[in-house]
>>> print(open('model.txt').read())   # compact mmCIF, C-alpha atoms and all ligand atoms
# COMPACT_ATOMS: atom_id res chain seq x y z
CA MET A 1 -8.31 25.48 -41.36
CA MET A 2 -7.50 23.84 -38.04
CA SER A 3 -3.80 23.91 -37.20
CA LEU A 4 -1.97 20.65 -36.67
CA SER A 5 -1.39 21.43 -32.99
CA THR A 6 -5.11 22.13 -32.40
CA ALA A 7 -5.99 18.88 -34.15
CA LEU A 8 -3.51 16.95 -32.00
CA LEU A 9 -4.86 18.60 -28.88
CA LEU A 10 -8.42 17.64 -29.80
CA LEU A 11 -7.30 14.10 -30.48
CA ALA A 12 -5.54 13.97 -27.12
CA ASN A 13 -8.71 15.20 -25.40
CA VAL A 14 -10.78 12.52 -27.10
CA ASN A 15 -8.23 9.92 -26.02
CA THR A 16 -8.24 11.26 -22.47
CA GLU A 17 -12.02 11.15 -22.29
CA GLN A 18 -12.05 7.64 -23.71
CA GLY A 19 -9.38 6.59 -21.25
CA ILE A 20 -11.33 8.02 -18.32
CA ALA A 21 -14.55 6.38 -19.52
CA LEU A 22 -12.80 3.02 -19.90
CA ALA A 23 -11.27 3.23 -16.44
CA GLN A 24 -14.78 3.74 -15.05
CA THR A 25 -15.68 0.24 -16.20
CA ILE A 26 -13.01 -1.31 -13.94
CA PRO A 27 -14.45 -2.24 -10.53
CA SER A 28 -13.44 0.19 -7.81
CA LEU A 29 -11.35 -1.13 -4.91
CA LYS A 30 -12.43 1.61 -2.53
CA ASP A 31 -16.12 0.93 -3.27
CA LYS A 32 -15.81 -2.85 -3.05
CA PHE A 33 -14.09 -2.61 0.35
CA LYS A 34 -16.06 0.41 1.54
CA LYS A 35 -17.60 -1.38 4.52
CA ASP A 36 -14.34 -3.14 5.41
CA PHE A 37 -11.36 -0.77 5.38
CA LEU A 38 -9.91 2.18 3.51
CA ILE A 39 -7.91 1.38 0.39
CA GLY A 40 -4.87 3.59 0.01
CA THR A 41 -2.03 4.31 -2.36
CA ALA A 42 1.32 6.09 -2.19
CA LEU A 43 1.40 9.27 -4.31
CA ASN A 44 4.34 10.92 -6.07
CA ASN A 45 4.73 14.53 -7.28
CA THR A 46 3.33 13.97 -10.77
CA GLN A 47 0.19 12.43 -9.32
CA ILE A 48 -0.23 15.05 -6.56
CA GLU A 49 0.09 17.84 -9.13
CA GLU A 50 -2.58 16.16 -11.27
CA ARG A 51 -0.44 16.48 -14.37
CA ASP A 52 -2.41 13.78 -16.18
CA PRO A 53 -6.24 13.92 -15.89
CA GLN A 54 -6.54 10.23 -16.71
CA THR A 55 -4.28 9.28 -13.81
CA THR A 56 -6.19 11.56 -11.44
CA ALA A 57 -9.52 10.05 -12.45
CA PHE A 58 -8.07 6.58 -11.98
CA ILE A 59 -6.71 7.35 -8.49
CA VAL A 60 -9.94 8.99 -7.38
CA ARG A 61 -11.99 6.03 -8.54
CA GLN A 62 -9.80 3.36 -6.91
CA PHE A 63 -8.53 4.84 -3.63
CA SER A 64 -10.00 6.33 -0.45
CA ALA A 65 -6.66 7.05 1.27
CA ALA A 66 -3.22 8.28 0.25
CA THR A 67 0.27 8.51 1.73
CA PRO A 68 2.92 10.81 0.21
CA GLU A 69 5.69 8.56 -1.12
CA ASN A 70 8.38 11.15 -0.32
CA ILE A 71 7.33 14.77 0.00
CA MET A 72 6.61 14.83 3.74
CA LYS A 73 9.89 13.20 4.72
CA ALA A 74 12.12 15.52 6.77
CA GLY A 75 14.78 15.93 4.07
CA LEU A 76 12.22 17.34 1.66
CA ILE A 77 9.83 19.27 3.90
CA HIS A 78 12.52 20.63 6.24
CA PRO A 79 15.62 21.19 4.08
CA GLY A 80 17.37 23.79 6.26
CA TRP A 81 17.62 24.43 9.98
CA ASP A 82 14.93 27.17 9.80
CA LYS A 83 13.72 26.38 6.32
CA TYR A 84 10.58 24.44 5.50
CA ASN A 85 9.17 23.65 2.08
CA PHE A 86 5.45 23.03 2.39
CA GLU A 87 4.49 23.50 -1.24
CA MET A 88 3.95 19.87 -2.23
CA ALA A 89 2.48 18.81 1.12
CA ASP A 90 -0.05 21.66 0.88
CA LYS A 91 -0.97 20.43 -2.60
CA LEU A 92 -1.39 16.91 -1.30
CA VAL A 93 -3.72 18.07 1.47
CA GLU A 94 -5.74 20.00 -1.11
CA PHE A 95 -5.82 16.90 -3.36
CA GLY A 96 -7.25 14.90 -0.46
CA ARG A 97 -9.84 17.53 0.41
CA LYS A 98 -10.98 17.94 -3.17
CA HIS A 99 -11.24 14.23 -3.93
CA ASN A 100 -12.38 12.96 -0.55
CA ILE A 101 -9.20 10.96 0.05
CA LYS A 102 -7.86 10.59 3.60
CA ILE A 103 -4.20 11.62 3.89
CA ASN A 104 -1.71 9.80 6.09
CA GLY A 105 1.28 12.04 6.84
CA HIS A 106 4.48 10.06 6.32
CA THR A 107 6.56 10.52 8.35
CA LEU A 108 7.61 12.74 11.28
CA VAL A 109 10.53 10.76 12.75
CA TRP A 110 12.64 8.45 10.56
CA HIS A 111 16.36 7.72 10.36
CA SER A 112 16.39 7.89 6.56
CA GLN A 113 15.87 10.77 4.07
CA LEU A 114 16.86 13.26 6.76
CA PRO A 115 17.97 16.80 5.84
CA PHE A 116 21.66 17.11 4.94
CA PHE A 117 22.31 19.61 7.72
CA ILE A 118 21.69 16.91 10.34
CA ARG A 119 25.02 15.33 9.40
CA GLY A 120 26.87 18.33 10.71
CA ILE A 121 25.14 18.25 14.08
CA HIS A 122 26.87 16.46 16.90
CA SER A 123 25.31 17.85 20.03
CA GLN A 124 22.42 16.47 22.01
CA ASP A 125 20.89 19.92 22.43
CA SER A 126 20.84 20.61 18.73
CA ILE A 127 19.37 17.22 17.83
CA ARG A 128 16.69 17.76 20.47
CA THR A 129 15.92 21.22 19.10
CA PHE A 130 15.63 19.85 15.57
CA PHE A 131 13.42 16.97 16.74
CA THR A 132 11.11 19.23 18.75
CA ASN A 133 10.85 22.01 16.16
CA HIS A 134 10.32 19.56 13.34
CA ILE A 135 7.42 17.76 14.98
CA LYS A 136 5.83 20.96 16.31
CA THR A 137 6.03 22.75 12.98
CA VAL A 138 5.06 19.98 10.59
CA ALA A 139 2.46 18.22 12.76
CA GLY A 140 1.09 21.61 13.82
CA ARG A 141 0.62 22.90 10.29
CA TYR A 142 -1.35 19.85 9.20
CA ASP A 143 -3.31 19.16 12.39
CA GLY A 144 -6.70 17.83 11.36
CA LYS A 145 -5.77 18.42 7.70
CA VAL A 146 -4.15 15.03 7.56
CA PHE A 147 -6.26 12.19 8.88
CA SER A 148 -3.25 10.57 10.52
CA TRP A 149 0.51 10.57 11.04
CA ASP A 150 3.16 7.91 10.91
CA VAL A 151 4.75 9.59 13.92
CA VAL A 152 7.74 7.25 14.08
CA ASN A 153 8.86 5.02 11.23
CA GLU A 154 11.22 2.02 11.38
CA ALA A 155 12.70 2.49 14.85
CA LEU A 156 13.34 -1.23 15.37
CA ASN A 157 16.00 -3.77 14.46
CA GLU A 158 15.03 -7.27 13.33
CA ASP A 159 15.71 -8.67 16.83
CA GLY A 160 13.30 -6.20 18.40
CA THR A 161 15.94 -3.90 19.88
CA LEU A 162 15.93 -0.20 19.02
CA ARG A 163 17.73 0.82 15.83
CA LYS A 164 20.80 2.92 16.50
CA SER A 165 19.46 5.99 14.72
CA VAL A 166 20.67 9.53 15.29
CA PHE A 167 17.64 9.97 17.56
CA LEU A 168 18.44 6.97 19.75
CA GLN A 169 22.09 7.98 19.94
CA TYR A 170 21.47 11.53 21.05
CA LEU A 171 18.07 11.40 22.77
CA GLY A 172 18.06 7.98 24.40
CA ASP A 173 15.40 5.32 24.33
CA ASP A 174 12.54 7.57 25.47
CA TYR A 175 12.62 9.43 22.15
CA ILE A 176 9.74 7.43 20.63
CA THR A 177 7.37 8.20 23.50
CA GLU A 178 8.57 11.80 23.34
CA ALA A 179 7.80 11.98 19.60
CA PHE A 180 4.23 10.84 20.26
CA ARG A 181 3.87 13.31 23.11
CA LEU A 182 4.96 16.19 20.87
CA ALA A 183 2.77 14.98 18.00
CA GLN A 184 -0.23 14.69 20.29
CA ARG A 185 0.25 18.28 21.41
CA ALA A 186 0.84 19.69 17.94
CA SER A 187 -1.75 17.60 16.14
CA PRO A 188 -4.59 16.72 18.51
CA LYS A 189 -7.06 16.21 15.66
CA SER A 190 -5.05 13.63 13.68
CA GLU A 191 -4.57 9.96 14.52
CA LEU A 192 -1.08 8.86 15.57
CA TYR A 193 0.63 5.66 14.41
CA TYR A 194 3.85 3.69 14.75
CA ASN A 195 4.95 2.20 11.40
CA ASP A 196 7.57 -0.42 10.48
CA TYR A 197 8.45 -3.28 8.11
CA ASN A 198 8.80 -6.89 9.24
CA ASN A 199 7.00 -6.01 12.49
CA GLU A 200 4.80 -9.02 11.83
CA GLN A 201 7.88 -11.21 12.51
CA PRO A 202 7.85 -12.54 16.10
CA ALA A 203 11.02 -10.91 17.48
CA LYS A 204 10.45 -7.54 15.87
CA ARG A 205 6.76 -7.72 16.80
CA ALA A 206 7.70 -8.24 20.46
CA GLY A 207 9.92 -5.15 20.26
CA CYS A 208 7.10 -3.23 18.63
CA ILE A 209 4.66 -4.25 21.35
CA ALA A 210 7.16 -3.13 24.00
CA VAL A 211 7.41 0.30 22.32
CA ILE A 212 3.60 0.61 22.18
CA LYS A 213 3.17 -0.43 25.82
CA LYS A 214 5.76 2.12 26.88
CA ILE A 215 3.89 4.90 25.07
CA GLN A 216 0.61 3.79 26.61
CA ALA A 217 2.12 3.51 30.09
CA ALA A 218 3.25 7.14 29.81
CA ASN A 219 -0.39 8.09 29.12
CA VAL A 220 0.52 9.29 25.67
CA ARG A 221 -1.85 8.72 22.77
CA ILE A 222 -1.12 6.14 20.07
CA ASP A 223 -4.03 5.16 17.82
CA GLY A 224 -2.63 2.54 15.54
CA VAL A 225 0.20 0.46 14.21
CA GLY A 226 1.25 0.11 10.59
CA ILE A 227 2.73 -3.05 9.16
CA GLN A 228 4.36 -1.92 5.92
CA GLY A 229 3.87 -5.22 4.11
CA HIS A 230 6.80 -5.35 1.66
CA TRP A 231 6.57 -9.08 1.03
CA HIS A 232 7.73 -11.67 -1.52
CA ALA A 233 5.70 -13.77 -3.96
CA GLY A 234 5.22 -17.34 -2.76
CA ARG A 235 6.55 -16.46 0.68
CA LEU A 236 3.84 -14.55 2.50
CA PRO A 237 4.17 -14.95 6.29
CA LEU A 238 0.39 -15.39 6.69
CA LYS A 239 0.54 -16.98 10.16
CA ASP A 240 2.75 -14.20 11.52
CA ILE A 241 0.53 -11.59 9.91
CA GLU A 242 -2.59 -13.05 11.52
CA GLU A 243 -0.91 -13.37 14.91
CA SER A 244 0.23 -9.73 14.63
CA ILE A 245 -3.25 -8.45 13.76
CA LEU A 246 -4.57 -10.19 16.89
CA GLN A 247 -1.79 -9.05 19.21
CA TYR A 248 -1.74 -5.42 18.08
CA ALA A 249 -5.53 -5.18 18.17
CA ALA A 250 -5.48 -6.61 21.72
CA LEU A 251 -3.53 -3.48 22.75
CA GLY A 252 -6.53 -1.41 21.66
CA LEU A 253 -4.90 -0.22 18.44
CA LYS A 254 -6.11 0.00 14.87
CA VAL A 255 -4.06 -2.21 12.57
CA MET A 256 -3.05 -1.03 9.10
CA PHE A 257 -1.14 -2.41 6.15
CA THR A 258 0.59 0.70 5.01
CA GLU A 259 3.00 0.05 2.12
CA LEU A 260 1.79 -3.15 0.55
CA ASP A 261 3.62 -4.66 -2.42
CA ILE A 262 4.62 -8.21 -3.31
CA GLU A 263 8.07 -8.53 -4.89
CA VAL A 264 8.45 -11.02 -7.76
CA LEU A 265 12.12 -10.29 -8.55
CA PRO A 266 15.11 -12.11 -7.04
CA ARG A 267 16.28 -10.82 -3.67
CA ASN A 268 18.81 -12.15 -1.21
CA PHE A 269 17.26 -10.54 1.86
CA GLN A 270 13.83 -9.70 3.24
CA GLY A 271 12.36 -6.46 4.45
CA ALA A 272 12.59 -2.86 3.28
CA ASP A 273 15.69 -1.27 4.75
CA VAL A 274 16.21 1.53 2.22
CA GLY A 275 19.91 1.64 3.08
CA GLN A 276 20.38 -1.96 1.93
CA ARG A 277 21.33 -2.52 -1.71
CA MET A 278 22.01 -5.50 -3.94
CA VAL A 279 24.63 -5.79 -6.69
CA ALA A 280 23.08 -6.25 -10.14
CA ASN A 281 24.01 -9.36 -12.12
CA GLU A 282 22.67 -11.21 -15.16
CA GLN A 283 19.88 -12.80 -13.16
CA SER A 284 18.66 -9.75 -11.30
CA ASN A 285 16.19 -8.43 -13.90
CA PRO A 286 14.58 -11.57 -15.35
CA TYR A 287 11.23 -10.17 -16.53
CA ALA A 288 12.27 -7.05 -18.43
CA SER A 289 10.20 -8.14 -21.44
CA GLY A 290 7.17 -9.44 -19.55
CA LEU A 291 5.96 -11.42 -16.57
CA PRO A 292 5.65 -15.20 -17.14
CA ASP A 293 2.16 -16.54 -16.51
CA SER A 294 3.32 -18.80 -13.66
CA VAL A 295 4.57 -15.78 -11.70
CA GLN A 296 1.46 -13.77 -12.56
CA GLN A 297 -0.66 -16.60 -11.14
CA GLN A 298 1.51 -16.87 -8.00
CA LEU A 299 0.97 -13.16 -7.40
CA ALA A 300 -2.79 -13.66 -7.80
CA VAL A 301 -2.79 -16.56 -5.32
CA ASP A 302 -0.80 -14.48 -2.81
CA TYR A 303 -2.98 -11.39 -3.05
CA GLU A 304 -6.09 -13.54 -2.76
CA ALA A 305 -4.82 -15.24 0.42
CA LEU A 306 -3.78 -11.91 1.90
CA PHE A 307 -7.08 -10.17 1.29
CA LYS A 308 -8.96 -13.21 2.56
CA LEU A 309 -7.07 -12.78 5.82
CA PHE A 310 -7.68 -9.02 5.84
CA LEU A 311 -11.42 -9.59 5.39
CA LYS A 312 -11.45 -12.18 8.17
CA HIS A 313 -10.11 -9.48 10.50
CA LYS A 314 -11.78 -6.45 8.96
CA ASP A 315 -13.07 -5.38 12.38
CA LYS A 316 -9.45 -4.81 13.44
CA ILE A 317 -8.03 -3.43 10.18
CA SER A 318 -8.72 0.19 9.27
CA ARG A 319 -6.67 0.65 6.09
CA VAL A 320 -4.79 -1.26 3.42
CA THR A 321 -2.44 0.96 1.40
CA PHE A 322 -0.50 -0.11 -1.70
CA TRP A 323 2.95 1.41 -2.18
CA GLY A 324 2.17 2.89 -5.59
CA VAL A 325 -0.74 3.12 -8.04
CA ASN A 326 0.61 0.77 -10.71
CA ASP A 327 3.65 -1.42 -11.41
CA GLY A 328 5.36 1.41 -13.29
CA ASP A 329 5.23 3.68 -10.22
CA SER A 330 6.67 1.14 -7.79
CA TRP A 331 9.88 1.94 -5.90
CA LEU A 332 10.79 -1.74 -6.47
CA ASN A 333 11.81 -0.83 -10.04
CA ASN A 334 14.78 0.96 -8.44
CA TRP A 335 15.38 -0.71 -5.10
CA PRO A 336 17.40 -2.64 -4.01
CA VAL A 337 18.73 -2.69 -7.59
CA ARG A 338 18.33 0.24 -9.98
CA GLY A 339 16.52 -0.07 -13.31
CA ARG A 340 14.65 -3.36 -12.86
CA THR A 341 11.19 -4.16 -14.19
CA SER A 342 9.03 -5.05 -11.22
CA TYR A 343 5.41 -6.23 -10.98
CA PRO A 344 4.38 -5.97 -7.33
CA LEU A 345 0.95 -4.28 -7.49
CA LEU A 346 -2.62 -4.93 -8.69
CA PHE A 347 -2.48 -2.71 -11.80
CA ASP A 348 -0.04 -3.01 -14.70
CA ARG A 349 1.90 -0.13 -16.27
CA ASN A 350 -1.19 0.95 -18.22
CA ASN A 351 -3.46 0.87 -15.16
CA GLN A 352 -5.02 -2.34 -16.40
CA PRO A 353 -6.17 -4.80 -13.72
CA LYS A 354 -3.94 -7.86 -13.31
CA PRO A 355 -5.22 -11.36 -12.40
CA ALA A 356 -4.38 -10.50 -8.75
CA PHE A 357 -6.85 -7.61 -8.93
CA GLU A 358 -9.62 -9.90 -10.24
CA LYS A 359 -9.00 -12.35 -7.38
CA VAL A 360 -9.11 -9.61 -4.76
CA ILE A 361 -12.32 -8.14 -6.21
CA ALA A 362 -13.92 -11.60 -6.41
CA LEU A 363 -13.59 -11.91 -2.62
CA THR A 364 -16.04 -9.04 -2.18
CA LYS A 365 -18.85 -10.70 -4.14
C1 LIG B 401 10.71 4.80 -0.42
C2 LIG B 401 10.16 5.54 -1.65
O1 LIG B 401 9.19 4.73 -2.27
C3 LIG B 401 11.28 5.84 -2.61
O2 LIG B 401 10.82 6.67 -3.66
C4 LIG B 401 12.46 6.53 -1.88
O3 LIG B 401 13.53 6.67 -2.77
C5 LIG B 401 12.89 5.72 -0.67
O4 LIG B 401 11.78 5.49 0.17
N1 LIG B 401 9.70 2.22 3.85
C6 LIG B 401 9.12 3.46 3.97
C7 LIG B 401 8.96 4.30 2.75
O5 LIG B 401 8.63 3.81 5.04
O6 LIG B 401 9.03 5.68 3.05
C8 LIG B 401 9.99 3.94 1.70
O7 LIG B 401 9.67 4.69 0.53
C9 LIG B 401 9.97 2.45 1.42
C10 LIG B 401 10.30 1.68 2.67
>>> encode(input="model.txt", output="structure tokens")
Amino acid sequence: MMSLSTALLLLANVNTEQGIALAQTIPSLKDKFKKDFLIGTALNNTQIEERDPQTTAFIVRQFSAATPENIMKAGLIHPGWDKYNFEMADKLVEFGRKHNIKINGHTLVWHSQLPFFIRGIHSQDSIRTFFTNHIKTVAGRYDGKVFSWDVVNEALNEDGTLRKSVFLQYLGDDYITEAFRLAQRASPKSELYYNDYNNEQPAKRAGCIAVIKKIQAANVRIDGVGIQGHWHAGRLPLKDIEESILQYAALGLKVMFTELDIEVLPRNFQGADVGQRMVANEQSNPYASGLPDSVQQQLAVDYEALFKLFLKHKDKISRVTFWGVNDGDSWLNNWPVRGRTSYPLLFDRNNQPKPAFEKVIALTK
């Protein structure tokens, strides 16, 4: 007689197969936008390791690009002065190769999620050595294996001045150009991008354009600019987004939306500064037991307007990446307040399409 565990395993397999078959009936974002731009997602460890076949099948059907949510950040990939941990990044590259998904390396130079040992370093020489070795080693290993790099992430303040990061403090304001120069040398076969949040806002955009022009004036390669796109329901800055697409494209750059999500939960500030937090109160997690229809519809209206704009400028936009596969994966469940129930993406916690998904797909018909 069949043991209970074998029976359960068989049942699980049947369920998995059914789940995969059902997911195949959902229209595919990457196919619907195939002629327009790549459709990307952020990936976490569980997804990269393909621990759940249903999730893998779902990702492969929906997305043509992927960005590691965390594993290529310096703190994880470069945990000690001479110590690198490439295991997960190698797996991600293999995932991309196997499933025909373009990988965007995120990110070489960022002030956040740095290795702990950086805190003990207070000399310009040592910071420069870290900076140079890090870019050479990481960008060199994955040259041509990743389609592109976010070479520098979030180097700007809201007013367009340079953020006072450890790199600015020790290396001076040429460090961004220098990062691109090193990346270009180490990774000649991958595209090179500058990435930030709120860089569609006029002041920060002006700062971003100044950074880009400086890189170009030094004859250093920069291929594109990423606008993260962490926005808020009912408050999309559509005019600023359109103006930014035009201005960045006029510099000869590809424009990308690299970390798209639309927040529906209360927030007392805009943007995506990971260091910024909010104190939880009774009002901070209003939809723990479900999203009211009015908010669901607002999200649909917003995503529709956004993708309409993206399609209008599809000749300038090369990729639109969501920051997570489904609502359950989103970092917005834990930032800027821990343990909230957020609904910022196109798929719900069971990978079912939300009204916003239907609206976006309808634009392609
Ligand atoms: C976030 C990740 O989603 C979280 O898991 C992590 O705890 C913090 O960083 N801008 C970026 C991303 O460029 O790397 C950040 O990702 C979100 C904001």
>>> residues_around(input="model.txt", residues="range 174-179 of chain A", least_positions_apart="3", cutoff="12 Å", atoms="only C-alpha atoms", output="number ranges by chain")
A: 107-110, 127-128, 130-136, 139, 149-156, 162-171, 182-187, 192-195, 208, 210-222
>>> closest_residue(input="model.txt", among="A:Leu265, A:Met72, A:Ile26, A:Val320", to="ligand LIG 401 (chain B)", atoms="all atoms listed in the file")
A:Met72
>>> closest_atom_pairs(input="model.txt", of="chain A", to="ligand LIG 401 (chain B)", cutoff="6 Å", atoms="only C-alpha atoms and all ligand atoms", output="JSON lines")
{"residue": "A:Glu69", "atom": "CA", "partner": "B:LIG401", "partner_atom": "O1", "distance": 5.3}
{"residue": "A:Ala272", "atom": "CA", "partner": "B:LIG401", "partner_atom": "C10", "distance": 5.1}
{"residue": "A:Val274", "atom": "CA", "partner": "B:LIG401", "partner_atom": "C10", "distance": 5.9}
{"residue": "A:Trp331", "atom": "CA", "partner": "B:LIG401", "partner_atom": "O1", "distance": 4.6}
>>> residues_around(input="model.txt", residues="Trp231 in chain A", least_positions_apart="6", cutoff="8 Å", atoms="only C-alpha atoms", output="number ranges by chain")
A: 260-263, 270-271
>>> closest_atom_pairs(input="model.txt", of="range 98-205 of chain A", to="range 43-46 of chain A", cutoff="12 Å", atoms="only C-alpha atoms", output="CSV")
residue,atom,partner,partner_atom,distance
A:Ile101,CA,A:Leu43,CA,11.6
A:Ile103,CA,A:Leu43,CA,10.2
A:Asn104,CA,A:Leu43,CA,10.9
A:Gly105,CA,A:Leu43,CA,11.5
A:His106,CA,A:Leu43,CA,11.1
>>> write_last_selection(input="model.txt", atoms="C-alpha atoms", output="tab-separated table (two decimals), keeping the file's coordinate frame")
chain	number	residue	atom	x	y	z
A	101	ILE	CA	-9.20	10.96	0.05
A	103	ILE	CA	-4.20	11.62	3.89
A	104	ASN	CA	-1.71	9.80	6.09
A	105	GLY	CA	1.28	12.04	6.84
A	106	HIS	CA	4.48	10.06	6.32
>>> atom_distance(input="model.txt", atom1="CA of Lys102 in chain A", atom2="CA of Val146 in chain A")
7.0 Å
>>> atom_distance(input="model.txt", atom1="CA of Leu299 in chain A", atom2="CA of Leu345 in chain A")
8.9 Å
>>> atom_distance(input="model.txt", atom1="CA of Asp159 in chain A", atom2="CA of Asp273 in chain A")
14.2 Å
>>> residues_around(input="model.txt", residues="range 79-95 of chain A", least_positions_apart="2", cutoff="10 Å", atoms="only C-alpha atoms", output="number ranges by chain")
A: 43-45, 47-50, 56, 60, 66-68, 70-77, 97-105, 114-118, 129-130, 133-134, 137-138, 141-142, 145-147
>>> decode(input="model.txt", residues="range 331-353 of chain A", atoms="N, CA and C atoms", output="mmCIF file, in the first residue's frame")
data_model
loop_
_atom_site.group_PDB
_atom_site.id
_atom_site.type_symbol
_atom_site.label_atom_id
_atom_site.label_comp_id
_atom_site.auth_asym_id
_atom_site.auth_seq_id
_atom_site.Cartn_x
_atom_site.Cartn_y
_atom_site.Cartn_z
ATOM 1 N N TRP A 331 8.762 44.708 -0.447
ATOM 2 C CA TRP A 331 9.486 45.297 0.698
ATOM 3 C C TRP A 331 8.584 46.246 1.469
ATOM 4 N N LEU A 332 7.503 46.732 0.815
ATOM 5 C CA LEU A 332 6.619 47.711 1.474
ATOM 6 C C LEU A 332 5.776 47.079 2.591
ATOM 7 N N ASN A 333 5.848 45.742 2.727
ATOM 8 C CA ASN A 333 5.221 45.115 3.901
ATOM 9 C C ASN A 333 6.059 45.368 5.162
ATOM 10 N N ASN A 334 7.302 45.777 4.970
ATOM 11 C CA ASN A 334 8.201 45.969 6.116
ATOM 12 C C ASN A 334 8.923 47.305 6.161
ATOM 13 N N TRP A 335 8.619 48.165 5.222
ATOM 14 C CA TRP A 335 9.259 49.485 5.202
ATOM 15 C C TRP A 335 8.242 50.520 4.755
ATOM 16 N N PRO A 336 8.173 51.696 5.343
ATOM 17 C CA PRO A 336 8.980 52.194 6.472
ATOM 18 C C PRO A 336 8.461 51.757 7.844
ATOM 19 N N VAL A 337 7.445 50.892 7.851
ATOM 20 C CA VAL A 337 6.939 50.333 9.113
ATOM 21 C C VAL A 337 6.977 48.816 8.959
ATOM 22 N N ARG A 338 7.428 48.111 9.990
ATOM 23 C CA ARG A 338 7.465 46.656 9.919
ATOM 24 C C ARG A 338 6.085 46.030 10.049
ATOM 25 N N GLY A 339 5.879 44.905 9.344
ATOM 26 C CA GLY A 339 4.700 44.073 9.567
ATOM 27 C C GLY A 339 3.395 44.668 9.077
ATOM 28 N N ARG A 340 3.427 45.452 7.985
ATOM 29 C CA ARG A 340 2.167 45.945 7.431
ATOM 30 C C ARG A 340 1.710 45.002 6.313
ATOM 31 N N THR A 341 0.488 45.209 5.856
ATOM 32 C CA THR A 341 -0.031 44.433 4.736
ATOM 33 C C THR A 341 -0.201 45.400 3.576
ATOM 34 N N SER A 342 0.712 45.276 2.605
ATOM 35 C CA SER A 342 0.752 46.237 1.511
ATOM 36 C C SER A 342 0.260 45.606 0.208
ATOM 37 N N TYR A 343 -0.149 46.447 -0.722
ATOM 38 C CA TYR A 343 -0.754 45.957 -1.979
ATOM 39 C C TYR A 343 -0.247 46.756 -3.181
ATOM 40 N N PRO A 344 1.058 46.853 -3.365
ATOM 41 C CA PRO A 344 1.559 47.819 -4.358
ATOM 42 C C PRO A 344 1.758 47.290 -5.777
ATOM 43 N N LEU A 345 1.540 45.984 -6.012
ATOM 44 C CA LEU A 345 1.944 45.396 -7.298
ATOM 45 C C LEU A 345 0.738 44.936 -8.120
ATOM 46 N N LEU A 346 1.008 44.249 -9.239
ATOM 47 C CA LEU A 346 -0.088 43.830 -10.136
ATOM 48 C C LEU A 346 -0.675 42.476 -9.775
ATOM 49 N N PHE A 347 0.067 41.678 -8.983
ATOM 50 C CA PHE A 347 -0.420 40.348 -8.603
ATOM 51 C C PHE A 347 -0.632 40.276 -7.094
ATOM 52 N N ASP A 348 -1.709 39.600 -6.677
ATOM 53 C CA ASP A 348 -1.975 39.483 -5.234
ATOM 54 C C ASP A 348 -1.098 38.378 -4.620
ATOM 55 N N ARG A 349 -1.311 38.118 -3.349
ATOM 56 C CA ARG A 349 -0.446 37.186 -2.616
ATOM 57 C C ARG A 349 -0.496 35.758 -3.153
ATOM 58 N N ASN A 350 -1.504 35.453 -3.962
ATOM 59 C CA ASN A 350 -1.584 34.120 -4.583
ATOM 60 C C ASN A 350 -1.227 34.171 -6.063
ATOM 61 N N ASN A 351 -0.528 35.208 -6.470
ATOM 62 C CA ASN A 351 -0.170 35.399 -7.880
ATOM 63 C C ASN A 351 -1.381 35.549 -8.794
ATOM 64 N N GLN A 352 -2.491 35.959 -8.219
ATOM 65 C CA GLN A 352 -3.664 36.217 -9.060
ATOM 66 C C GLN A 352 -3.629 37.665 -9.550
ATOM 67 N N PRO A 353 -4.014 37.883 -10.821
ATOM 68 C CA PRO A 353 -4.003 39.247 -11.366
ATOM 69 C C PRO A 353 -5.010 40.141 -10.662
#
